[in-house]
$ cat input_10.tsv   # TSV, C-alpha atoms
chain	number	residue	atom	x	y	z
A	23	MET	CA	84.46	115.59	119.70
A	24	THR	CA	85.92	117.32	116.65
A	25	ALA	CA	86.27	115.48	113.39
A	26	LEU	CA	89.76	114.76	112.08
A	27	LEU	CA	88.46	114.82	108.54
A	28	ARG	CA	85.28	116.45	107.32
A	29	PHE	CA	83.86	116.57	103.80
A	30	ASP	CA	80.96	118.94	103.40
A	31	ASP	CA	78.93	118.47	100.21
A	32	VAL	CA	82.07	117.90	98.17
A	33	ALA	CA	82.19	117.45	94.39
A	34	LEU	CA	85.34	116.45	92.57
A	35	ARG	CA	86.00	116.67	88.85
A	36	ARG	CA	89.08	115.18	87.21
A	37	GLY	CA	89.85	115.66	83.54
A	38	GLY	CA	86.35	116.93	82.83
A	39	ARG	CA	84.70	113.90	84.44
A	40	LEU	CA	82.63	114.26	87.58
A	41	LEU	CA	83.94	111.59	89.97
A	42	PHE	CA	81.50	112.25	92.80
A	43	GLU	CA	79.32	115.02	94.15
A	44	GLY	CA	77.37	115.76	97.29
A	45	LEU	CA	79.81	113.73	99.36
A	46	SER	CA	79.70	114.51	103.06
A	47	LEU	CA	81.49	112.61	105.76
A	48	ASP	CA	82.88	113.05	109.25
A	49	LEU	CA	85.74	111.00	110.55
A	50	HIS	CA	86.25	111.12	114.30
A	51	PRO	CA	89.12	109.82	116.43
A	52	GLY	CA	89.07	106.05	116.53
A	53	GLU	CA	87.19	105.69	113.25
A	54	ALA	CA	88.38	103.91	110.14
A	55	LEU	CA	86.86	104.38	106.73
A	56	HIS	CA	87.34	101.97	103.84
A	57	VAL	CA	86.77	103.65	100.46
A	58	MET	CA	85.75	101.01	97.93
A	59	GLY	CA	84.86	101.02	94.30
A	60	PRO	CA	85.97	99.71	90.92
A	61	ASN	CA	89.02	101.04	89.04
A	62	GLY	CA	88.58	104.64	88.02
A	63	SER	CA	85.81	105.38	90.51
A	64	GLY	CA	87.89	108.06	92.20
A	65	LYS	CA	89.28	106.29	95.27
A	66	SER	CA	92.80	107.67	94.86
A	67	SER	CA	91.45	111.09	93.93
A	68	LEU	CA	89.39	111.11	97.12
A	69	ILE	CA	92.53	110.32	99.10
A	70	ARG	CA	94.48	113.08	97.33
A	71	LEU	CA	91.59	115.47	97.92
A	72	ALA	CA	91.59	114.59	101.61
A	73	ALA	CA	95.35	115.16	101.67
A	74	GLY	CA	94.89	118.65	100.23
A	75	LEU	CA	96.74	117.80	97.03
A	76	LEU	CA	93.66	118.32	94.87
A	77	ARG	CA	91.06	121.01	95.11
A	78	ALA	CA	87.36	120.22	95.29
A	79	GLU	CA	85.17	121.68	92.60
A	80	ARG	CA	82.47	122.38	95.17
A	81	GLY	CA	82.18	121.99	98.89
A	82	ARG	CA	84.59	122.15	101.74
A	83	VAL	CA	87.21	119.82	103.13
A	84	ASP	CA	88.62	120.26	106.65
A	85	ARG	CA	91.45	118.10	107.84
A	86	ALA	CA	93.72	117.57	110.82
A	87	ALA	CA	97.44	117.00	110.47
A	88	LEU	CA	97.82	113.94	108.29
A	89	ALA	CA	100.18	111.44	106.76
A	90	LEU	CA	99.81	109.81	103.37
A	91	ALA	CA	101.04	106.51	101.98
A	92	ASN	CA	100.38	105.86	98.31
A	93	ASP	CA	102.23	104.22	95.45
A	94	ASP	CA	104.77	107.06	95.26
A	95	LEU	CA	107.87	106.07	97.19
A	96	ALA	CA	109.24	109.60	97.76
A	97	LEU	CA	112.52	108.22	99.09
A	98	ASP	CA	115.95	108.95	97.65
A	99	ARG	CA	116.94	105.86	95.69
A	100	GLU	CA	120.68	106.18	96.30
A	101	LEU	CA	120.43	106.39	100.11
A	102	PRO	CA	120.25	103.51	102.56
A	103	LEU	CA	116.69	103.01	103.79
A	104	ARG	CA	117.21	104.39	107.29
A	105	ARG	CA	118.74	107.64	106.03
A	106	ALA	CA	116.09	108.01	103.32
A	107	LEU	CA	113.27	107.58	105.85
A	108	GLY	CA	115.19	109.77	108.29
A	109	PHE	CA	114.68	112.72	105.94
A	110	TRP	CA	110.97	112.62	106.73
A	111	SER	CA	111.02	111.79	110.40
A	112	ARG	CA	113.58	111.60	113.14
A	113	ASP	CA	111.97	108.69	114.93
A	114	ILE	CA	111.97	105.85	112.46
A	115	GLU	CA	113.63	102.98	114.35
A	116	ALA	CA	110.44	101.74	116.00
A	117	PRO	CA	108.22	102.09	112.90
A	118	MET	CA	110.80	100.21	110.83
A	119	GLU	CA	110.69	97.44	113.39
A	120	TRP	CA	106.89	97.36	113.39
A	121	LEU	CA	106.91	96.90	109.63
A	122	GLY	CA	109.65	94.27	109.76
A	123	ILE	CA	112.11	96.29	107.66
A	124	ASP	CA	114.63	97.14	110.39
A	125	HIS	CA	117.11	94.62	108.97
A	126	LEU	CA	117.05	96.61	105.68
A	127	ALA	CA	118.27	99.83	107.32
A	128	HIS	CA	121.55	99.84	105.39
A	129	VAL	CA	120.17	98.63	102.07
A	130	PRO	CA	119.93	101.30	99.36
A	131	VAL	CA	116.32	102.16	98.57
A	132	ARG	CA	116.76	101.30	94.88
A	133	LEU	CA	117.39	97.64	95.80
A	134	LEU	CA	114.16	97.20	97.77
A	135	SER	CA	111.44	94.95	96.41
A	136	SER	CA	108.05	96.52	95.78
A	137	GLY	CA	106.66	94.93	98.95
A	138	GLN	CA	109.54	96.23	101.03
A	139	ALA	CA	109.09	99.67	99.46
A	140	LYS	CA	105.39	99.57	100.37
A	141	ARG	CA	106.31	98.74	103.95
A	142	ALA	CA	108.70	101.70	103.96
A	143	THR	CA	105.93	104.11	102.91
A	144	ILE	CA	103.72	102.76	105.69
A	145	ALA	CA	106.60	103.09	108.15
A	146	ARG	CA	106.83	106.77	107.20
A	147	VAL	CA	103.14	107.19	108.01
A	148	ALA	CA	103.56	105.34	111.31
A	149	ALA	CA	106.51	107.59	112.20
A	150	SER	CA	104.62	110.79	111.43
A	151	MET	CA	102.67	111.22	114.69
A	152	ALA	CA	99.83	112.64	112.57
A	153	PRO	CA	96.34	111.80	113.89
A	154	LEU	CA	94.91	111.22	110.41
A	155	TRP	CA	96.31	108.47	108.18
A	156	LEU	CA	95.48	108.30	104.49
A	157	LEU	CA	96.37	104.98	102.89
A	158	ASP	CA	95.97	104.47	99.16
A	159	GLU	CA	95.88	100.76	98.29
A	160	PRO	CA	97.87	99.83	101.40
A	161	LEU	CA	97.74	96.11	100.62
A	162	ASN	CA	99.27	96.44	97.14
A	163	ALA	CA	102.45	94.37	96.94
A	164	LEU	CA	102.23	93.43	100.63
A	165	ASP	CA	102.52	89.74	101.52
A	166	ALA	CA	100.46	88.06	104.26
A	167	LYS	CA	103.00	89.01	106.90
A	168	GLY	CA	102.99	92.60	105.75
A	169	GLY	CA	99.21	92.66	105.89
A	170	GLU	CA	99.36	91.45	109.50
A	171	CYS	CA	101.87	94.17	110.41
A	172	LEU	CA	99.54	96.71	108.85
A	173	SER	CA	96.44	95.55	110.70
A	174	VAL	CA	98.31	95.62	114.02
A	175	LEU	CA	99.41	99.20	113.27
A	176	VAL	CA	95.88	100.16	112.27
A	177	GLU	CA	94.44	98.78	115.53
A	178	LYS	CA	97.09	100.59	117.56
A	179	HIS	CA	96.54	103.89	115.77
A	180	LEU	CA	92.75	103.74	116.19
A	181	ALA	CA	93.09	102.79	119.86
A	182	SER	CA	95.30	105.82	120.46
A	183	GLY	CA	92.67	108.17	119.07
A	184	GLY	CA	93.76	108.37	115.44
A	185	ALA	CA	91.60	108.00	112.36
A	186	ILE	CA	92.28	106.26	109.06
A	187	VAL	CA	90.96	106.49	105.52
A	188	ALA	CA	92.07	103.66	103.28
A	189	ALA	CA	91.23	103.27	99.62
A	190	SER	CA	91.35	99.70	98.43
A	191	HIS	CA	89.44	97.37	96.16
A	192	GLN	CA	90.46	94.46	98.39
A	193	SER	CA	88.89	93.71	101.74
A	194	LEU	CA	90.84	95.08	104.67
A	195	PRO	CA	91.34	93.25	107.96
A	196	GLY	CA	89.63	94.77	110.99
A	197	ARG	CA	86.47	96.80	111.47
A	198	TRP	CA	85.96	99.52	108.90
A	199	SER	CA	82.98	101.61	107.99
A	200	LYS	CA	82.54	101.47	104.24
A	201	LEU	CA	82.11	104.09	101.55
A	202	GLU	CA	81.29	102.80	98.09
A	203	LEU	CA	82.13	104.99	95.10
A	204	GLY	CA	80.34	104.21	91.85
A	205	ALA	CA	82.24	103.90	88.57
B	7	MET	CA	112.19	120.68	107.02
B	8	ILE	CA	113.44	123.54	104.80
B	9	ALA	CA	116.97	123.07	106.10
B	10	ALA	CA	116.78	119.31	105.58
B	11	LEU	CA	115.51	119.84	102.04
B	12	MET	CA	118.30	122.32	101.33
B	13	VAL	CA	120.98	119.91	102.57
B	14	ARG	CA	119.43	117.06	100.62
B	15	ASP	CA	119.21	119.03	97.38
B	16	ILE	CA	122.79	120.23	97.67
B	17	ARG	CA	123.96	116.68	98.33
B	18	ARG	CA	121.97	115.41	95.35
B	19	GLY	CA	123.32	118.22	93.20
B	20	PHE	CA	126.94	117.39	93.94
B	21	THR	CA	126.47	113.61	93.69
B	22	GLY	CA	124.14	113.84	90.71
B	23	GLY	CA	126.45	115.39	88.15
B	24	ALA	CA	127.01	119.01	89.18
B	25	TRP	CA	130.23	118.87	87.17
B	26	LEU	CA	128.36	118.14	83.91
B	27	PRO	CA	127.16	121.68	83.16
B	28	ILE	CA	130.57	123.00	84.18
B	29	ALA	CA	132.36	120.66	81.79
B	30	PHE	CA	129.87	121.68	79.11
B	31	PHE	CA	130.55	125.35	79.85
B	32	LEU	CA	134.29	124.83	79.45
B	33	LEU	CA	133.76	122.84	76.28
B	34	VAL	CA	131.69	125.57	74.64
B	35	ALA	CA	134.26	128.17	75.69
B	36	THR	CA	136.96	125.98	74.14
B	37	LEU	CA	135.08	125.77	70.85
B	38	VAL	CA	135.11	129.53	70.37
B	39	PRO	CA	138.87	129.92	69.62
B	40	PHE	CA	138.55	127.01	67.19
B	41	ALA	CA	135.59	128.63	65.48
B	42	ILE	CA	136.99	132.19	65.38
B	43	GLY	CA	140.70	131.52	64.96
B	44	PRO	CA	143.66	132.45	67.17
B	45	ASP	CA	143.36	136.23	66.72
B	46	ALA	CA	143.75	137.35	70.35
B	47	LYS	CA	142.36	140.82	69.73
B	48	LEU	CA	139.19	139.55	68.12
B	49	LEU	CA	138.80	136.86	70.76
B	50	SER	CA	139.13	139.24	73.67
B	51	ARG	CA	136.52	141.50	72.07
B	52	ILE	CA	133.90	138.76	71.88
B	53	ALA	CA	135.04	136.94	75.05
B	54	ALA	CA	132.38	138.28	77.43
B	55	GLY	CA	129.57	137.36	75.04
B	56	ALA	CA	131.03	133.94	74.39
B	57	LEU	CA	131.31	133.25	78.13
B	58	TRP	CA	127.65	134.10	78.61
B	59	ILE	CA	126.48	131.99	75.70
B	60	ALA	CA	128.45	129.12	77.22
B	61	ALA	CA	126.86	129.82	80.62
B	62	LEU	CA	123.34	129.95	79.21
B	63	THR	CA	123.67	126.68	77.34
B	64	ALA	CA	125.28	125.05	80.39
B	65	ALA	CA	122.32	126.22	82.50
B	66	LEU	CA	120.02	124.07	80.34
B	67	LEU	CA	121.67	120.78	81.24
B	68	PRO	CA	120.49	120.35	84.84
B	69	ILE	CA	116.90	121.46	84.23
B	70	GLU	CA	115.45	117.99	83.88
B	71	ARG	CA	116.72	116.87	87.25
B	72	LEU	CA	115.63	119.96	89.20
B	73	ILE	CA	111.89	119.33	89.66
B	74	GLU	CA	110.67	116.38	87.61
B	75	PRO	CA	112.23	113.51	89.62
B	76	ASP	CA	110.71	114.86	92.84
B	77	ARG	CA	107.34	115.40	91.19
B	78	ALA	CA	107.24	111.92	89.69
B	79	ASP	CA	108.32	110.24	92.92
B	80	GLY	CA	105.81	112.05	95.14
B	81	VAL	CA	108.45	113.99	97.09
B	82	LEU	CA	106.73	117.30	96.29
B	83	ASP	CA	103.41	115.85	97.52
B	84	GLN	CA	104.93	114.64	100.77
B	85	LEU	CA	106.63	118.01	101.33
B	86	ALA	CA	103.27	119.73	100.86
B	87	ILE	CA	101.68	117.32	103.34
B	88	HIS	CA	104.46	118.20	105.79
B	89	GLY	CA	103.24	121.77	105.57
B	90	LEU	CA	105.71	123.36	103.17
B	91	ALA	CA	104.29	125.86	100.71
B	92	GLU	CA	105.20	125.12	97.10
B	93	GLU	CA	106.82	128.55	96.92
B	94	SER	CA	109.12	127.70	99.83
B	95	ILE	CA	110.03	124.41	98.17
B	96	ALA	CA	110.84	126.25	94.94
B	97	PHE	CA	112.91	128.91	96.70
B	98	THR	CA	114.86	126.23	98.58
B	99	LYS	CA	115.53	124.44	95.32
B	100	ILE	CA	116.71	127.68	93.71
B	101	VAL	CA	119.22	128.35	96.47
B	102	ALA	CA	120.43	124.74	96.45
B	103	HIS	CA	120.69	124.77	92.67
B	104	TRP	CA	122.68	127.99	92.62
B	105	LEU	CA	125.06	126.66	95.28
B	106	THR	CA	125.85	123.62	93.12
B	107	PHE	CA	126.05	125.66	89.91
B	108	GLY	CA	127.13	129.27	90.46
B	109	PRO	CA	130.40	128.90	92.40
B	110	LEU	CA	131.63	126.07	90.16
B	111	LEU	CA	130.79	128.12	87.09
B	112	LEU	CA	132.72	131.09	88.47
B	113	ILE	CA	135.77	128.91	89.01
B	114	ALA	CA	135.47	127.44	85.52
B	115	ALA	CA	135.13	130.93	84.08
B	116	ILE	CA	138.76	131.65	85.01
B	117	PRO	CA	140.34	129.09	82.65
B	118	ALA	CA	137.61	129.84	80.12
B	119	SER	CA	138.51	133.53	80.10
B	120	ALA	CA	142.15	132.59	79.54
B	121	LEU	CA	141.12	130.51	76.53
B	122	LEU	CA	139.32	133.56	75.19
B	123	ALA	CA	142.37	135.83	75.66
B	124	MET	CA	140.58	138.16	78.06
B	125	ASP	CA	142.63	140.87	79.73
B	126	ARG	CA	142.75	141.25	83.51
B	127	PRO	CA	140.06	143.96	83.97
B	128	GLY	CA	137.89	142.07	81.51
B	129	VAL	CA	138.14	138.89	83.62
B	130	GLY	CA	137.21	140.80	86.75
B	131	LYS	CA	134.17	142.33	85.10
B	132	ALA	CA	133.10	139.01	83.61
B	133	LEU	CA	133.37	137.23	86.95
B	134	LEU	CA	131.41	139.96	88.69
B	135	ALA	CA	128.68	139.83	86.05
B	136	LEU	CA	128.52	136.04	86.34
B	137	ALA	CA	128.38	136.20	90.14
B	138	VAL	CA	125.50	138.66	89.94
B	139	GLY	CA	123.70	137.02	87.02
B	140	THR	CA	123.86	133.34	87.93
B	141	PRO	CA	121.29	133.58	90.77
B	142	GLY	CA	118.83	134.89	88.19
B	143	LEU	CA	119.85	132.14	85.81
B	144	ALA	CA	119.40	129.47	88.52
B	145	SER	CA	115.97	130.88	89.40
B	146	LEU	CA	114.95	130.82	85.78
B	147	ALA	CA	116.13	127.22	85.48
B	148	VAL	CA	114.02	126.09	88.46
B	149	ALA	CA	110.94	127.99	87.26
B	150	VAL	CA	111.25	126.54	83.75
B	151	ALA	CA	111.88	123.09	85.23
B	152	ALA	CA	108.66	123.37	87.23
B	153	VAL	CA	106.63	124.60	84.26
B	154	THR	CA	107.84	121.78	82.00
B	155	ALA	CA	107.87	119.01	84.64
B	156	GLY	CA	106.00	115.95	83.46
B	157	LEU	CA	105.61	117.14	79.87
B	158	PRO	CA	106.84	115.04	76.97
B	159	ARG	CA	110.10	116.37	75.45
B	160	ALA	CA	110.47	118.63	78.48
B	161	GLY	CA	114.19	119.11	77.87
B	162	ALA	CA	113.81	120.67	74.44
B	163	LEU	CA	110.83	122.71	75.57
B	164	ALA	CA	112.80	124.00	78.55
B	165	GLY	CA	115.51	125.31	76.24
B	166	LEU	CA	112.96	127.14	74.12
B	167	LEU	CA	111.50	128.72	77.26
B	168	LEU	CA	114.66	129.55	79.16
B	169	LEU	CA	116.89	131.05	76.50
B	170	PRO	CA	114.57	133.91	75.42
B	171	LEU	CA	113.82	134.74	79.05
B	172	ALA	CA	117.55	134.90	79.78
B	173	VAL	CA	118.19	137.51	77.07
B	174	PRO	CA	118.05	140.50	79.49
B	175	LEU	CA	120.63	138.81	81.72
B	176	LEU	CA	122.83	138.33	78.68
B	177	ILE	CA	122.45	141.87	77.36
B	178	PHE	CA	123.20	143.67	80.63
B	179	ALA	CA	126.06	141.36	81.53
B	180	VAL	CA	127.81	141.80	78.21
B	181	GLY	CA	126.81	145.46	77.94
B	182	ASP	CA	128.67	146.20	81.16
B	183	ALA	CA	125.53	147.49	82.92
B	184	LEU	CA	126.11	145.88	86.27
B	185	LEU	CA	123.29	147.59	88.17
B	186	LEU	CA	120.75	146.61	85.54
B	187	GLU	CA	122.14	143.07	85.68
B	188	VAL	CA	121.59	143.10	89.45
B	189	ALA	CA	118.05	144.37	88.94
B	190	VAL	CA	117.14	141.70	86.38
B	191	SER	CA	118.70	138.97	88.49
B	192	LEU	CA	116.75	140.16	91.54
B	193	VAL	CA	113.48	140.29	89.66
B	194	LEU	CA	114.00	136.75	88.37
B	195	THR	CA	114.99	135.44	91.80
B	196	ALA	CA	112.02	137.12	93.45
B	197	GLY	CA	109.49	136.01	90.84
B	198	ALA	CA	110.65	132.48	90.11
B	199	PRO	CA	109.47	130.86	93.38
B	200	PHE	CA	105.91	132.02	92.70
B	201	VAL	CA	105.95	130.85	89.09
B	202	ALA	CA	107.46	127.52	90.09
B	203	GLY	CA	105.09	127.13	93.06
B	204	ALA	CA	102.02	127.76	90.92
B	205	ALA	CA	103.34	125.37	88.28
B	206	ILE	CA	103.91	122.62	90.85
B	207	ARG	CA	100.35	123.01	92.15
B	208	ALA	CA	98.84	123.14	88.68
B	209	GLY	CA	100.82	120.05	87.66
B	210	ARG	CA	99.21	117.84	90.31
B	211	THR	CA	96.92	115.15	89.03
$ encode --input "input_10.tsv" --output "structure tokens"
Amino acid sequence: MTALLRFDDVALRRGGRLLFEGLSLDLHPGEALHVMGPNGSGKSSLIRLAAGLLRAERGRVDRAALALANDDLALDRELPLRRALGFWSRDIEAPMEWLGIDHLAHVPVRLLSSGQAKRATIARVAASMAPLWLLDEPLNALDAKGGECLSVLVEKHLASGGAIVAASHQSLPGRWSKLELGA
Amino acid sequence: MIAALMVRDIRRGFTGGAWLPIAFFLLVATLVPFAIGPDAKLLSRIAAGALWIAALTAALLPIERLIEPDRADGVLDQLAIHGLAEESIAFTKIVAHWLTFGPLLLIAAIPASALLAMDRPGVGKALLALAVGTPGLASLAVAVAAVTAGLPRAGALAGLLLLPLAVPLLIFAVGDALLLEVAVSLVLTAGAPFVAGAAIRAGRT
């Protein structure tokens, strides 16, 4: 079985500081990886590296098609939510329902609360059809209900042969293999 | 995705104050007769240059909304994840920017040339030079916007970068060297996506 994400002896340096080195990992379909570590340990940088937005100083990163949800909203503030999400994916009705934001379809993005905005970024990932999901602090700003929606989505995605990397300093619901980054 | 981005950027251009640089352009053109006096002969002699100075300063206004909002909000990151090269993103933004800037500027140049007492052949030449030169100017604006995106005082810095680089456009347009104007505009339009693309990549943190 081919890996959806593979790090081969990867080192990453940000702003002159070595965040990690010699990192190797393989993520296969159905696997979920929880990246843990204190603030500044490089969790978000690892996610951005996996997404191809940063370049590794050493080593090699191979990735399948992926979707990323982080703290950047990347939705046009002036548009209603459905149209704003529709820019990224044609099929957003079902994901919006899964995240419990379907009743906000006509609300302009700028009026969303931070929790609703977080749900919208996760809905974009769920709508992407990408096998690899990268979630940076997915529980930030989510309430208990939102967390439940997320864990249902995670289960469904893993069962359908997807893989997930989530960076979070909180504990995530479900079964995750863990990767601890030092500060 | 490219088409969707193009449509979105054009929509955002027209709803996000595309008329502002045009109003600014007209305002600067209006100032010239006040500054020089009502001597029609003198005005018509400097009219082409005055139009271009107005166009160059107007081109500075939209720079801060061309790249920076999309960088700060993660739109550029998501586009890259969706498989678009930064160069394609930049080129799309150049075309969209020109469409919301060039045609309006050409229309505004007609009343502006009247204010500057231009004669008929002069107006024709000026419009042609603007039509040919504004794609280069729009490309330059996007490239400079990408280079300065995320920097403090980006607006002022962008002016310092763009105006000197636009000097060839100005010289050939006013000097009635249309083919050279075409050449400069083409070079800028061809080079800007690569400059902007590299700047977007380098600006990632």
$ closest_residue --input "input_10.tsv" --among "A:Leu164, A:Val129, A:Leu95, A:Leu154" --to "chain B" --atoms "only C-alpha atoms"
A:Leu95
$ residues_around --input "input_10.tsv" --residues "stretch 121-134 of chain B" --least-positions-apart "3" --cutoff "8 Å" --atoms "only C-alpha atoms" --output "list of chain:residue names"
B:Ala35, B:Thr36, B:Val38, B:Pro39, B:Ala46, B:Lys47, B:Leu49, B:Ser50, B:Arg51, B:Ala53, B:Ala54, B:Leu112, B:Ala115, B:Ile116, B:Pro117, B:Ala118, B:Ala137, B:Val138, B:Ala179, B:Asp182
$ interface_residues --input "input_10.tsv" --of "chain A" --to "chain B" --cutoff "9 Å" --atoms "all atoms listed in the file" --output "PyMOL selection string"
chain A and resi 36-37+67+70+73-76+87-90+92-97+109-110
$ residues_around --input "input_10.tsv" --residues "stretch 142-152 of chain B" --least-positions-apart "3" --cutoff "8 Å" --atoms "all atoms listed in the file" --output "PDB file with C-alpha atoms, keeping the file's coordinate frame"
ATOM      1  CA  LEU B  62     123.340 129.950  79.210  1.00  0.00           C
ATOM      2  CA  ALA B  65     122.320 126.220  82.500  1.00  0.00           C
ATOM      3  CA  LEU B  66     120.020 124.070  80.340  1.00  0.00           C
ATOM      4  CA  ILE B  69     116.900 121.460  84.230  1.00  0.00           C
ATOM      5  CA  GLU B  70     115.450 117.990  83.880  1.00  0.00           C
ATOM      6  CA  LEU B  72     115.630 119.960  89.200  1.00  0.00           C
ATOM      7  CA  ILE B  73     111.890 119.330  89.660  1.00  0.00           C
ATOM      8  CA  GLU B  74     110.670 116.380  87.610  1.00  0.00           C
ATOM      9  CA  ALA B  96     110.840 126.250  94.940  1.00  0.00           C
ATOM     10  CA  LYS B  99     115.530 124.440  95.320  1.00  0.00           C
ATOM     11  CA  ILE B 100     116.710 127.680  93.710  1.00  0.00           C
ATOM     12  CA  HIS B 103     120.690 124.770  92.670  1.00  0.00           C
ATOM     13  CA  TRP B 104     122.680 127.990  92.620  1.00  0.00           C
ATOM     14  CA  PHE B 107     126.050 125.660  89.910  1.00  0.00           C
ATOM     15  CA  GLY B 108     127.130 129.270  90.460  1.00  0.00           C
ATOM     16  CA  VAL B 138     125.500 138.660  89.940  1.00  0.00           C
ATOM     17  CA  GLY B 139     123.700 137.020  87.020  1.00  0.00           C
ATOM     18  CA  ALA B 155     107.870 119.010  84.640  1.00  0.00           C
ATOM     19  CA  ALA B 164     112.800 124.000  78.550  1.00  0.00           C
ATOM     20  CA  LEU B 167     111.500 128.720  77.260  1.00  0.00           C
ATOM     21  CA  LEU B 168     114.660 129.550  79.160  1.00  0.00           C
ATOM     22  CA  LEU B 171     113.820 134.740  79.050  1.00  0.00           C
ATOM     23  CA  ALA B 172     117.550 134.900  79.780  1.00  0.00           C
ATOM     24  CA  LEU B 175     120.630 138.810  81.720  1.00  0.00           C
ATOM     25  CA  VAL B 190     117.140 141.700  86.380  1.00  0.00           C
ATOM     26  CA  SER B 191     118.700 138.970  88.490  1.00  0.00           C
ATOM     27  CA  LEU B 192     116.750 140.160  91.540  1.00  0.00           C
ATOM     28  CA  VAL B 193     113.480 140.290  89.660  1.00  0.00           C
ATOM     29  CA  LEU B 194     114.000 136.750  88.370  1.00  0.00           C
ATOM     30  CA  THR B 195     114.990 135.440  91.800  1.00  0.00           C
ATOM     31  CA  ALA B 198     110.650 132.480  90.110  1.00  0.00           C
ATOM     32  CA  PRO B 199     109.470 130.860  93.380  1.00  0.00           C
ATOM     33  CA  VAL B 201     105.950 130.850  89.090  1.00  0.00           C
ATOM     34  CA  ALA B 202     107.460 127.520  90.090  1.00  0.00           C
ATOM     35  CA  GLY B 203     105.090 127.130  93.060  1.00  0.00           C
ATOM     36  CA  ALA B 205     103.340 125.370  88.280  1.00  0.00           C
ATOM     37  CA  ILE B 206     103.910 122.620  90.850  1.00  0.00           C
TER      38      ILE B 206
END
$ closest_residue --input "input_10.tsv" --among "A:Val57, A:Ala149, A:Leu157, A:Leu133" --to "A:Gly204" --atoms "all atoms listed in the file"
A:Val57
$ residues_around --input "input_10.tsv" --residues "A:Glu100" --least-positions-apart "5" --cutoff "9 Å" --atoms "all atoms listed in the file" --output "list in words"
Ala106, Pro130, Val131 and Arg132 of chain A
$ atom_distance --input "input_10.tsv" --atom1 "atom CA of A:Ala116" --atom2 "atom CA of B:Ala9"
24.4 Å
$ atom_distance --input "input_10.tsv" --atom1 "atom CA of A:Leu41" --atom2 "atom CA of A:Pro60"
12.1 Å
$ residues_around --input "input_10.tsv" --residues "A:Ala145" --least-positions-apart "3" --cutoff "6 Å" --atoms "all atoms listed in the file" --output "CSV table (one decimal) with C-alpha atoms, in the frame of the given file"
chain,number,residue,atom,x,y,z
A,117,PRO,CA,108.2,102.1,112.9
A,118,MET,CA,110.8,100.2,110.8
A,142,ALA,CA,108.7,101.7,104.0
A,148,ALA,CA,103.6,105.3,111.3
$ closest_residue --input "input_10.tsv" --among "A:Arg35, A:Lys167, A:His128, A:Arg105" --to "A:Ser63" --atoms "all atoms listed in the file"
A:Arg35
$ closest_residue --input "input_10.tsv" --among "B:Glu93, B:Arg17, B:Phe178, B:Ile28" --to "B:Pro109" --atoms "all atoms listed in the file"
B:Ile28
$ atom_distance --input "input_10.tsv" --atom1 "atom CA of A:Arg197" --atom2 "atom CA of A:Arg82"
27.2 Å
$ residues_near_point --input "input_10.tsv" --point "(92.0, 101.9, 116.5)" --cutoff "12 Å" --atoms "only C-alpha atoms" --output "list in words"
His50, Pro51, Gly52, Glu53, Ala54, Leu55, Pro153, Leu154, Trp155, Leu172, Ser173, Val174, Leu175, Val176, Glu177, Lys178, His179, Leu180, Ala181, Ser182, Gly183, Gly184, Ala185, Ile186, Val187, Gly196, Arg197 and Trp198 of chain A
$ write_last_selection --input "input_10.tsv" --atoms "C-alpha atoms" --output "mmCIF file, keeping the file's coordinate frame"
data_model
loop_
_atom_site.group_PDB
_atom_site.id
_atom_site.type_symbol
_atom_site.label_atom_id
_atom_site.label_comp_id
_atom_site.auth_asym_id
_atom_site.auth_seq_id
_atom_site.Cartn_x
_atom_site.Cartn_y
_atom_site.Cartn_z
ATOM 1 C CA HIS A 50 86.250 111.120 114.300
ATOM 2 C CA PRO A 51 89.120 109.820 116.430
ATOM 3 C CA GLY A 52 89.070 106.050 116.530
ATOM 4 C CA GLU A 53 87.190 105.690 113.250
ATOM 5 C CA ALA A 54 88.380 103.910 110.140
ATOM 6 C CA LEU A 55 86.860 104.380 106.730
ATOM 7 C CA PRO A 153 96.340 111.800 113.890
ATOM 8 C CA LEU A 154 94.910 111.220 110.410
ATOM 9 C CA TRP A 155 96.310 108.470 108.180
ATOM 10 C CA LEU A 172 99.540 96.710 108.850
ATOM 11 C CA SER A 173 96.440 95.550 110.700
ATOM 12 C CA VAL A 174 98.310 95.620 114.020
ATOM 13 C CA LEU A 175 99.410 99.200 113.270
ATOM 14 C CA VAL A 176 95.880 100.160 112.270
ATOM 15 C CA GLU A 177 94.440 98.780 115.530
ATOM 16 C CA LYS A 178 97.090 100.590 117.560
ATOM 17 C CA HIS A 179 96.540 103.890 115.770
ATOM 18 C CA LEU A 180 92.750 103.740 116.190
ATOM 19 C CA ALA A 181 93.090 102.790 119.860
ATOM 20 C CA SER A 182 95.300 105.820 120.460
ATOM 21 C CA GLY A 183 92.670 108.170 119.070
ATOM 22 C CA GLY A 184 93.760 108.370 115.440
ATOM 23 C CA ALA A 185 91.600 108.000 112.360
ATOM 24 C CA ILE A 186 92.280 106.260 109.060
ATOM 25 C CA VAL A 187 90.960 106.490 105.520
ATOM 26 C CA GLY A 196 89.630 94.770 110.990
ATOM 27 C CA ARG A 197 86.470 96.800 111.470
ATOM 28 C CA TRP A 198 85.960 99.520 108.900
#
$ closest_residue --input "input_10.tsv" --among "B:Ala160, B:Ala56, B:Leu32, B:Leu37" --to "B:Pro68" --atoms "only C-alpha atoms"
B:Ala160
